[in-house]
$ cat run27.pdb   # PDB, C-alpha atoms
MODEL        1
ATOM      1  CA  VAL J  16      60.899 120.291-158.217  1.00  0.00           C
ATOM      2  CA  GLN J  17      58.798 118.026-160.390  1.00  0.00           C
ATOM      3  CA  LEU J  18      56.178 115.479-159.327  1.00  0.00           C
ATOM      4  CA  GLN J  19      54.823 113.069-161.891  1.00  0.00           C
ATOM      5  CA  ALA J  20      51.737 111.077-160.947  1.00  0.00           C
ATOM      6  CA  SER J  21      50.742 107.981-162.882  1.00  0.00           C
ATOM      7  CA  GLY J  22      48.785 104.743-162.643  1.00  0.00           C
ATOM      8  CA  GLY J  23      45.234 105.958-163.021  1.00  0.00           C
ATOM      9  CA  GLY J  24      42.686 104.452-165.366  1.00  0.00           C
ATOM     10  CA  LEU J  25      39.376 102.651-165.518  1.00  0.00           C
ATOM     11  CA  VAL J  26      38.793 100.129-162.749  1.00  0.00           C
ATOM     12  CA  GLN J  27      35.785  98.035-161.903  1.00  0.00           C
ATOM     13  CA  ALA J  28      34.130  98.407-158.530  1.00  0.00           C
ATOM     14  CA  GLY J  29      35.771  96.114-156.037  1.00  0.00           C
ATOM     15  CA  GLY J  30      39.082  96.266-157.835  1.00  0.00           C
ATOM     16  CA  SER J  31      42.402  97.804-156.886  1.00  0.00           C
ATOM     17  CA  VAL J  32      44.789 100.351-158.276  1.00  0.00           C
ATOM     18  CA  ARG J  33      48.270 101.517-157.383  1.00  0.00           C
ATOM     19  CA  LEU J  34      49.216 105.069-158.145  1.00  0.00           C
ATOM     20  CA  SER J  35      52.799 106.277-158.346  1.00  0.00           C
ATOM     21  CA  CYS J  36      54.319 109.679-157.855  1.00  0.00           C
ATOM     22  CA  ALA J  37      57.861 110.098-159.084  1.00  0.00           C
ATOM     23  CA  ALA J  38      59.763 113.092-157.762  1.00  0.00           C
ATOM     24  CA  SER J  39      62.810 114.885-159.071  1.00  0.00           C
ATOM     25  CA  GLY J  40      64.759 117.974-158.167  1.00  0.00           C
ATOM     26  CA  LEU J  41      64.802 117.447-154.421  1.00  0.00           C
ATOM     27  CA  THR J  42      66.188 115.273-151.633  1.00  0.00           C
ATOM     28  CA  PHE J  43      63.278 112.891-151.587  1.00  0.00           C
ATOM     29  CA  ASN J  44      63.431 111.429-148.086  1.00  0.00           C
ATOM     30  CA  ARG J  45      63.503 114.814-146.347  1.00  0.00           C
ATOM     31  CA  TYR J  46      59.916 115.637-147.155  1.00  0.00           C
ATOM     32  CA  THR J  47      56.358 114.757-146.256  1.00  0.00           C
ATOM     33  CA  TRP J  48      54.185 113.373-149.031  1.00  0.00           C
ATOM     34  CA  GLY J  49      50.452 113.429-149.477  1.00  0.00           C
ATOM     35  CA  TRP J  50      47.874 112.035-151.831  1.00  0.00           C
ATOM     36  CA  PHE J  51      44.703 114.023-152.441  1.00  0.00           C
ATOM     37  CA  ARG J  52      41.759 113.604-154.725  1.00  0.00           C
ATOM     38  CA  GLN J  53      39.242 115.873-156.341  1.00  0.00           C
ATOM     39  CA  ALA J  54      35.967 114.719-157.818  1.00  0.00           C
ATOM     40  CA  PRO J  55      33.973 116.918-160.198  1.00  0.00           C
ATOM     41  CA  GLY J  56      32.257 119.701-158.333  1.00  0.00           C
ATOM     42  CA  LYS J  57      33.922 118.842-155.046  1.00  0.00           C
ATOM     43  CA  GLU J  58      36.803 120.227-153.058  1.00  0.00           C
ATOM     44  CA  ARG J  59      40.179 118.581-152.997  1.00  0.00           C
ATOM     45  CA  GLU J  60      40.415 116.161-150.097  1.00  0.00           C
ATOM     46  CA  PHE J  61      43.154 114.299-148.284  1.00  0.00           C
ATOM     47  CA  VAL J  62      43.519 110.584-148.990  1.00  0.00           C
ATOM     48  CA  ALA J  63      46.780 109.544-147.360  1.00  0.00           C
ATOM     49  CA  GLY J  64      50.121 110.900-146.247  1.00  0.00           C
ATOM     50  CA  ILE J  65      53.575 109.747-145.241  1.00  0.00           C
ATOM     51  CA  SER J  66      56.059 111.847-143.332  1.00  0.00           C
ATOM     52  CA  TRP J  67      59.811 112.028-143.839  1.00  0.00           C
ATOM     53  CA  SER J  68      60.156 109.750-140.767  1.00  0.00           C
ATOM     54  CA  GLY J  69      57.724 107.146-142.099  1.00  0.00           C
ATOM     55  CA  ILE J  70      54.605 108.033-140.131  1.00  0.00           C
ATOM     56  CA  THR J  71      51.525 107.334-142.228  1.00  0.00           C
ATOM     57  CA  TRP J  72      47.923 108.512-142.197  1.00  0.00           C
ATOM     58  CA  HIS J  73      45.446 106.669-144.338  1.00  0.00           C
ATOM     59  CA  GLY J  74      41.987 105.129-144.453  1.00  0.00           C
ATOM     60  CA  SER J  75      41.055 101.480-144.215  1.00  0.00           C
ATOM     61  CA  ARG J  76      41.088 100.754-147.954  1.00  0.00           C
ATOM     62  CA  VAL J  77      44.237 102.710-148.655  1.00  0.00           C
ATOM     63  CA  THR J  78      47.958 102.201-148.116  1.00  0.00           C
ATOM     64  CA  ILE J  79      50.700 104.719-148.744  1.00  0.00           C
ATOM     65  CA  SER J  80      54.350 103.821-149.081  1.00  0.00           C
ATOM     66  CA  ARG J  81      57.519 105.179-150.572  1.00  0.00           C
ATOM     67  CA  ASP J  82      60.689 103.896-152.184  1.00  0.00           C
ATOM     68  CA  ASP J  83      63.515 106.271-151.390  1.00  0.00           C
ATOM     69  CA  ALA J  84      65.824 104.606-153.904  1.00  0.00           C
ATOM     70  CA  LYS J  85      63.348 105.362-156.678  1.00  0.00           C
ATOM     71  CA  ASN J  86      62.189 108.756-155.346  1.00  0.00           C
ATOM     72  CA  THR J  87      58.648 107.479-155.639  1.00  0.00           C
ATOM     73  CA  VAL J  88      55.575 107.498-153.425  1.00  0.00           C
ATOM     74  CA  TYR J  89      52.819 104.954-153.951  1.00  0.00           C
ATOM     75  CA  LEU J  90      49.128 104.889-153.159  1.00  0.00           C
ATOM     76  CA  GLN J  91      47.486 101.487-153.087  1.00  0.00           C
ATOM     77  CA  MET J  92      43.695 101.564-153.074  1.00  0.00           C
ATOM     78  CA  ASN J  93      41.584  98.449-152.659  1.00  0.00           C
ATOM     79  CA  SER J  94      37.888  97.591-152.772  1.00  0.00           C
ATOM     80  CA  LEU J  95      37.289 100.583-154.998  1.00  0.00           C
ATOM     81  CA  LYS J  96      33.852 102.145-155.191  1.00  0.00           C
ATOM     82  CA  PRO J  97      32.315 104.392-157.847  1.00  0.00           C
ATOM     83  CA  GLU J  98      32.533 107.278-155.371  1.00  0.00           C
ATOM     84  CA  ASP J  99      36.327 106.906-155.435  1.00  0.00           C
ATOM     85  CA  THR J 100      36.262 108.290-158.972  1.00  0.00           C
ATOM     86  CA  ALA J 101      38.390 111.425-158.994  1.00  0.00           C
ATOM     87  CA  VAL J 102      41.604 112.986-160.147  1.00  0.00           C
ATOM     88  CA  TYR J 103      44.303 111.939-157.699  1.00  0.00           C
ATOM     89  CA  TYR J 104      47.164 114.294-156.926  1.00  0.00           C
ATOM     90  CA  CYS J 105      50.421 113.815-155.108  1.00  0.00           C
ATOM     91  CA  ALA J 106      51.968 116.671-153.186  1.00  0.00           C
ATOM     92  CA  MET J 107      54.901 117.399-150.920  1.00  0.00           C
ATOM     93  CA  ARG J 108      55.707 119.732-148.051  1.00  0.00           C
ATOM     94  CA  ASP J 109      58.715 120.528-145.916  1.00  0.00           C
ATOM     95  CA  SER J 110      57.026 119.938-142.565  1.00  0.00           C
ATOM     96  CA  VAL J 111      54.907 117.493-140.562  1.00  0.00           C
ATOM     97  CA  LEU J 112      51.931 115.604-141.917  1.00  0.00           C
ATOM     98  CA  SER J 113      48.865 117.652-142.705  1.00  0.00           C
ATOM     99  CA  ARG J 114      45.463 116.957-144.214  1.00  0.00           C
ATOM    100  CA  LEU J 115      45.128 120.471-145.610  1.00  0.00           C
ATOM    101  CA  PRO J 116      45.855 120.936-149.312  1.00  0.00           C
ATOM    102  CA  SER J 117      46.920 124.502-148.634  1.00  0.00           C
ATOM    103  CA  ASP J 118      49.801 123.234-146.476  1.00  0.00           C
ATOM    104  CA  TYR J 119      51.513 121.514-149.385  1.00  0.00           C
ATOM    105  CA  ASP J 120      54.098 123.330-151.470  1.00  0.00           C
ATOM    106  CA  HIS J 121      54.422 121.337-154.669  1.00  0.00           C
ATOM    107  CA  TRP J 122      51.883 119.327-156.629  1.00  0.00           C
ATOM    108  CA  GLY J 123      51.881 116.777-159.388  1.00  0.00           C
ATOM    109  CA  GLN J 124      49.608 117.087-162.394  1.00  0.00           C
ATOM    110  CA  GLY J 125      47.072 114.505-161.246  1.00  0.00           C
ATOM    111  CA  THR J 126      45.995 111.141-162.569  1.00  0.00           C
ATOM    112  CA  LEU J 127      42.377 110.178-163.193  1.00  0.00           C
ATOM    113  CA  VAL J 128      40.885 107.107-161.566  1.00  0.00           C
ATOM    114  CA  THR J 129      37.469 106.083-162.824  1.00  0.00           C
ATOM    115  CA  VAL J 130      35.628 103.322-160.995  1.00  0.00           C
ATOM    116  CA  SER J 131      32.804 101.704-162.909  1.00  0.00           C
ATOM    117  CA  SER J 132      29.877 100.022-161.208  1.00  0.00           C
TER
ENDMDL
END

$ encode --input "run27.pdb" --output "structure tokens"
Amino acid sequence: VQLQASGGGLVQAGGSVRLSCAASGLTFNRYTWGWFRQAPGKEREFVAGISWSGITWHGSRVTISRDDAKNTVYLQMNSLKPEDTAVYYCAMRDSVLSRLPSDYDHWGQGTLVTVSS
């Protein structure tokens, strides 16, 4: 199983970014997918998730979606703030949605989002 996250970069406050997570080596639509982030000196935290059945959990400035034909999960973030600066990780698990990083089995390498003020 391989997860490849991409789409990070430098964004101005108030802007938007869409992150992608391309998966290979598995039957994509059977799994639950999560996006997490980790800022320097902080613990990894849940950002959004989408279950195999399409149930989503996310905050007000965030949207998660997936394209089963492309084996890709997306994270759209809007109205970005400097405190959104972090490395963003995608992850998958073979069970229901969870906000706990420890519940996820496979992780991508992370993509850095830096929001400038």

$ residues_around --input "run27.pdb" --residues "segment 45-55 of chain J" --least-positions-apart "6" --cutoff "7 Å" --atoms "all atoms listed in the file" --output "compact mmCIF listing (two decimals) with C-alpha atoms, in the coordinates of the input"
# COMPACT_ATOMS: atom_id res chain seq x y z
CA PHE J 61 43.15 114.30 -148.28
CA VAL J 62 43.52 110.58 -148.99
CA ALA J 63 46.78 109.54 -147.36
CA GLY J 64 50.12 110.90 -146.25
CA ILE J 65 53.58 109.75 -145.24
CA SER J 66 56.06 111.85 -143.33
CA TRP J 67 59.81 112.03 -143.84
CA THR J 100 36.26 108.29 -158.97
CA ALA J 101 38.39 111.42 -158.99
CA VAL J 102 41.60 112.99 -160.15
CA TYR J 103 44.30 111.94 -157.70
CA TYR J 104 47.16 114.29 -156.93
CA CYS J 105 50.42 113.82 -155.11
CA ALA J 106 51.97 116.67 -153.19
CA MET J 107 54.90 117.40 -150.92
CA ARG J 108 55.71 119.73 -148.05
CA ASP J 109 58.72 120.53 -145.92
CA SER J 110 57.03 119.94 -142.56
CA VAL J 111 54.91 117.49 -140.56
CA LEU J 112 51.93 115.60 -141.92

$ closest_residue --input "run27.pdb" --among "J:Ser80, J:Ser21, J:Gln91, J:Ser39" --to "His121 of chain J" --atoms "only C-alpha atoms"
J:Ser39

$ atom_distance --input "run27.pdb" --atom1 "atom CA of Asp99 of chain J" --atom2 "atom CA of Asp118 of chain J"
23.0 Å

$ closest_residue --input "run27.pdb" --among "J:Leu34, J:Leu115, J:Val26, J:Leu127" --to "Lys96 of chain J" --atoms "all atoms listed in the file"
J:Val26

$ atom_distance --input "run27.pdb" --atom1 "atom CA of Leu95 of chain J" --atom2 "atom CA of Gln17 of chain J"
28.2 Å

$ resolve_selection --input "run27.pdb" --expression "the PyMOL selection byres ((chain J and resi 89) around 7)" --output "PyMOL selection string"
chain J and resi 33-36+79-81+87-88+90-91

$ residues_near_point --input "run27.pdb" --point "(44.1, 96.7, -162.5)" --cutoff "12 Å" --atoms "all atoms listed in the file" --output "mmCIF file with C-alpha atoms, in the frame of the given file"
data_model
loop_
_atom_site.group_PDB
_atom_site.id
_atom_site.type_symbol
_atom_site.label_atom_id
_atom_site.label_comp_id
_atom_site.auth_asym_id
_atom_site.auth_seq_id
_atom_site.Cartn_x
_atom_site.Cartn_y
_atom_site.Cartn_z
ATOM 1 C CA GLY J 22 48.785 104.743 -162.643
ATOM 2 C CA GLY J 23 45.234 105.958 -163.021
ATOM 3 C CA GLY J 24 42.686 104.452 -165.366
ATOM 4 C CA LEU J 25 39.376 102.651 -165.518
ATOM 5 C CA VAL J 26 38.793 100.129 -162.749
ATOM 6 C CA GLN J 27 35.785 98.035 -161.903
ATOM 7 C CA ALA J 28 34.130 98.407 -158.530
ATOM 8 C CA GLY J 29 35.771 96.114 -156.037
ATOM 9 C CA GLY J 30 39.082 96.266 -157.835
ATOM 10 C CA SER J 31 42.402 97.804 -156.886
ATOM 11 C CA VAL J 32 44.789 100.351 -158.276
ATOM 12 C CA ARG J 33 48.270 101.517 -157.383
ATOM 13 C CA LEU J 34 49.216 105.069 -158.145
ATOM 14 C CA GLN J 91 47.486 101.487 -153.087
ATOM 15 C CA MET J 92 43.695 101.564 -153.074
ATOM 16 C CA ASN J 93 41.584 98.449 -152.659
ATOM 17 C CA SER J 94 37.888 97.591 -152.772
ATOM 18 C CA LEU J 95 37.289 100.583 -154.998
ATOM 19 C CA VAL J 128 40.885 107.107 -161.566
ATOM 20 C CA THR J 129 37.469 106.083 -162.824
ATOM 21 C CA VAL J 130 35.628 103.322 -160.995
#

$ closest_residue --input "run27.pdb" --among "J:Gln124, J:Asp83, J:Ser132, J:Ser113" --to "Asn44 of chain J" --atoms "only C-alpha atoms"
J:Asp83

$ decode --input "run27.pdb" --residues "segment 56-92 of chain J" --atoms "N, CA, C and O atoms" --output "short mmCIF file (atom, residue, chain, number, x, y, z; two decimals), in the first residue's frame"
data_model
loop_
_atom_site.label_atom_id
_atom_site.label_comp_id
_atom_site.auth_asym_id
_atom_site.auth_seq_id
_atom_site.Cartn_x
_atom_site.Cartn_y
_atom_site.Cartn_z
N GLY J 56 5.98 21.09 17.08
CA GLY J 56 5.80 21.08 18.52
C GLY J 56 4.42 20.66 18.99
O GLY J 56 4.15 20.68 20.19
N LYS J 57 3.57 20.28 18.06
CA LYS J 57 2.21 19.89 18.43
C LYS J 57 1.94 18.45 18.02
O LYS J 57 2.63 17.87 17.18
N GLU J 58 0.88 17.90 18.61
CA GLU J 58 0.50 16.54 18.26
C GLU J 58 -0.26 16.52 16.93
O GLU J 58 -0.84 17.52 16.51
N ARG J 59 -0.25 15.37 16.33
CA ARG J 59 -0.99 15.20 15.09
C ARG J 59 -2.48 15.25 15.40
O ARG J 59 -2.95 14.63 16.35
N GLU J 60 -3.23 16.00 14.58
CA GLU J 60 -4.65 16.15 14.84
C GLU J 60 -5.48 15.88 13.59
O GLU J 60 -5.03 16.09 12.46
N PHE J 61 -6.69 15.44 13.84
CA PHE J 61 -7.63 15.11 12.77
C PHE J 61 -8.12 16.39 12.09
O PHE J 61 -8.43 17.37 12.76
N VAL J 62 -8.22 16.34 10.77
CA VAL J 62 -8.75 17.46 10.00
C VAL J 62 -10.07 17.08 9.34
O VAL J 62 -11.06 17.82 9.42
N ALA J 63 -10.10 15.95 8.68
CA ALA J 63 -11.31 15.52 7.98
C ALA J 63 -11.21 14.05 7.67
O ALA J 63 -10.11 13.48 7.63
N GLY J 64 -12.36 13.43 7.44
CA GLY J 64 -12.37 12.01 7.09
C GLY J 64 -13.55 11.68 6.21
O GLY J 64 -14.58 12.37 6.24
N ILE J 65 -13.40 10.61 5.43
CA ILE J 65 -14.48 10.12 4.60
C ILE J 65 -14.47 8.61 4.66
O ILE J 65 -13.43 7.97 4.49
N SER J 66 -15.63 8.04 4.94
CA SER J 66 -15.72 6.59 5.08
C SER J 66 -15.89 5.92 3.72
O SER J 66 -16.14 6.58 2.71
N TRP J 67 -15.80 4.60 3.72
CA TRP J 67 -15.98 3.85 2.47
C TRP J 67 -17.37 4.08 1.90
O TRP J 67 -17.58 4.03 0.69
N SER J 68 -18.36 4.40 2.78
CA SER J 68 -19.74 4.60 2.32
C SER J 68 -20.03 6.05 1.96
O SER J 68 -21.13 6.37 1.54
N GLY J 69 -19.04 6.94 2.14
CA GLY J 69 -19.24 8.33 1.77
C GLY J 69 -19.58 9.27 2.90
O GLY J 69 -19.78 10.47 2.67
N ILE J 70 -19.67 8.77 4.11
CA ILE J 70 -19.90 9.65 5.26
C ILE J 70 -18.67 10.51 5.48
O ILE J 70 -17.54 10.01 5.42
N THR J 71 -18.88 11.80 5.72
CA THR J 71 -17.75 12.70 5.91
C THR J 71 -17.83 13.41 7.26
O THR J 71 -18.91 13.70 7.76
N TRP J 72 -16.67 13.66 7.83
CA TRP J 72 -16.50 14.50 9.00
C TRP J 72 -15.52 15.60 8.63
O TRP J 72 -14.44 15.31 8.09
N HIS J 73 -15.88 16.82 8.87
CA HIS J 73 -14.95 17.89 8.56
C HIS J 73 -15.41 19.18 9.22
O HIS J 73 -16.56 19.29 9.66
N GLY J 74 -14.50 20.16 9.30
CA GLY J 74 -14.82 21.44 9.88
C GLY J 74 -15.46 22.37 8.86
O GLY J 74 -15.68 21.99 7.70
N SER J 75 -15.71 23.59 9.29
CA SER J 75 -16.46 24.52 8.45
C SER J 75 -15.66 25.05 7.27
O SER J 75 -16.23 25.44 6.26
N ARG J 76 -14.36 25.09 7.35
CA ARG J 76 -13.54 25.63 6.27
C ARG J 76 -12.93 24.53 5.41
O ARG J 76 -12.09 24.80 4.55
N VAL J 77 -13.35 23.32 5.63
CA VAL J 77 -12.71 22.17 5.02
C VAL J 77 -13.74 21.28 4.32
O VAL J 77 -14.85 21.10 4.83
N THR J 78 -13.35 20.72 3.20
CA THR J 78 -14.18 19.73 2.51
C THR J 78 -13.30 18.56 2.12
O THR J 78 -12.19 18.76 1.63
N ILE J 79 -13.79 17.37 2.34
CA ILE J 79 -13.08 16.17 1.90
C ILE J 79 -13.92 15.46 0.85
O ILE J 79 -15.15 15.40 0.95
N SER J 80 -13.25 14.93 -0.15
CA SER J 80 -13.95 14.20 -1.20
C SER J 80 -13.01 13.15 -1.75
O SER J 80 -11.82 13.13 -1.44
N ARG J 81 -13.55 12.27 -2.56
CA ARG J 81 -12.70 11.26 -3.18
C ARG J 81 -13.19 10.97 -4.58
O ARG J 81 -14.36 11.14 -4.91
N ASP J 82 -12.26 10.52 -5.40
CA ASP J 82 -12.53 10.11 -6.78
C ASP J 82 -12.11 8.66 -6.88
O ASP J 82 -10.90 8.37 -6.97
N ASP J 83 -13.08 7.76 -6.86
CA ASP J 83 -12.75 6.34 -6.87
C ASP J 83 -12.07 5.92 -8.16
O ASP J 83 -11.25 5.00 -8.17
N ALA J 84 -12.39 6.57 -9.26
CA ALA J 84 -11.79 6.22 -10.54
C ALA J 84 -10.30 6.57 -10.56
O ALA J 84 -9.52 5.93 -11.27
N LYS J 85 -9.92 7.56 -9.77
CA LYS J 85 -8.52 7.98 -9.74
C LYS J 85 -7.80 7.51 -8.47
O LYS J 85 -6.64 7.85 -8.27
N ASN J 86 -8.52 6.76 -7.62
CA ASN J 86 -7.92 6.31 -6.35
C ASN J 86 -7.31 7.47 -5.58
O ASN J 86 -6.19 7.37 -5.05
N THR J 87 -8.03 8.55 -5.51
CA THR J 87 -7.50 9.77 -4.90
C THR J 87 -8.51 10.39 -3.95
O THR J 87 -9.72 10.44 -4.26
N VAL J 88 -8.00 10.85 -2.83
CA VAL J 88 -8.78 11.60 -1.84
C VAL J 88 -8.29 13.03 -1.84
O VAL J 88 -7.08 13.28 -1.92
N TYR J 89 -9.23 13.97 -1.72
CA TYR J 89 -8.89 15.38 -1.77
C TYR J 89 -9.27 16.07 -0.45
O TYR J 89 -10.24 15.70 0.20
N LEU J 90 -8.51 17.09 -0.13
CA LEU J 90 -8.84 17.95 1.00
C LEU J 90 -8.81 19.39 0.50
O LEU J 90 -7.76 19.89 0.10
N GLN J 91 -9.96 20.00 0.51
CA GLN J 91 -10.08 21.41 0.10
C GLN J 91 -10.16 22.25 1.38
O GLN J 91 -11.03 22.01 2.23
N MET J 92 -9.26 23.21 1.50
CA MET J 92 -9.27 24.09 2.66
C MET J 92 -9.40 25.53 2.19
O MET J 92 -8.65 25.96 1.30
#
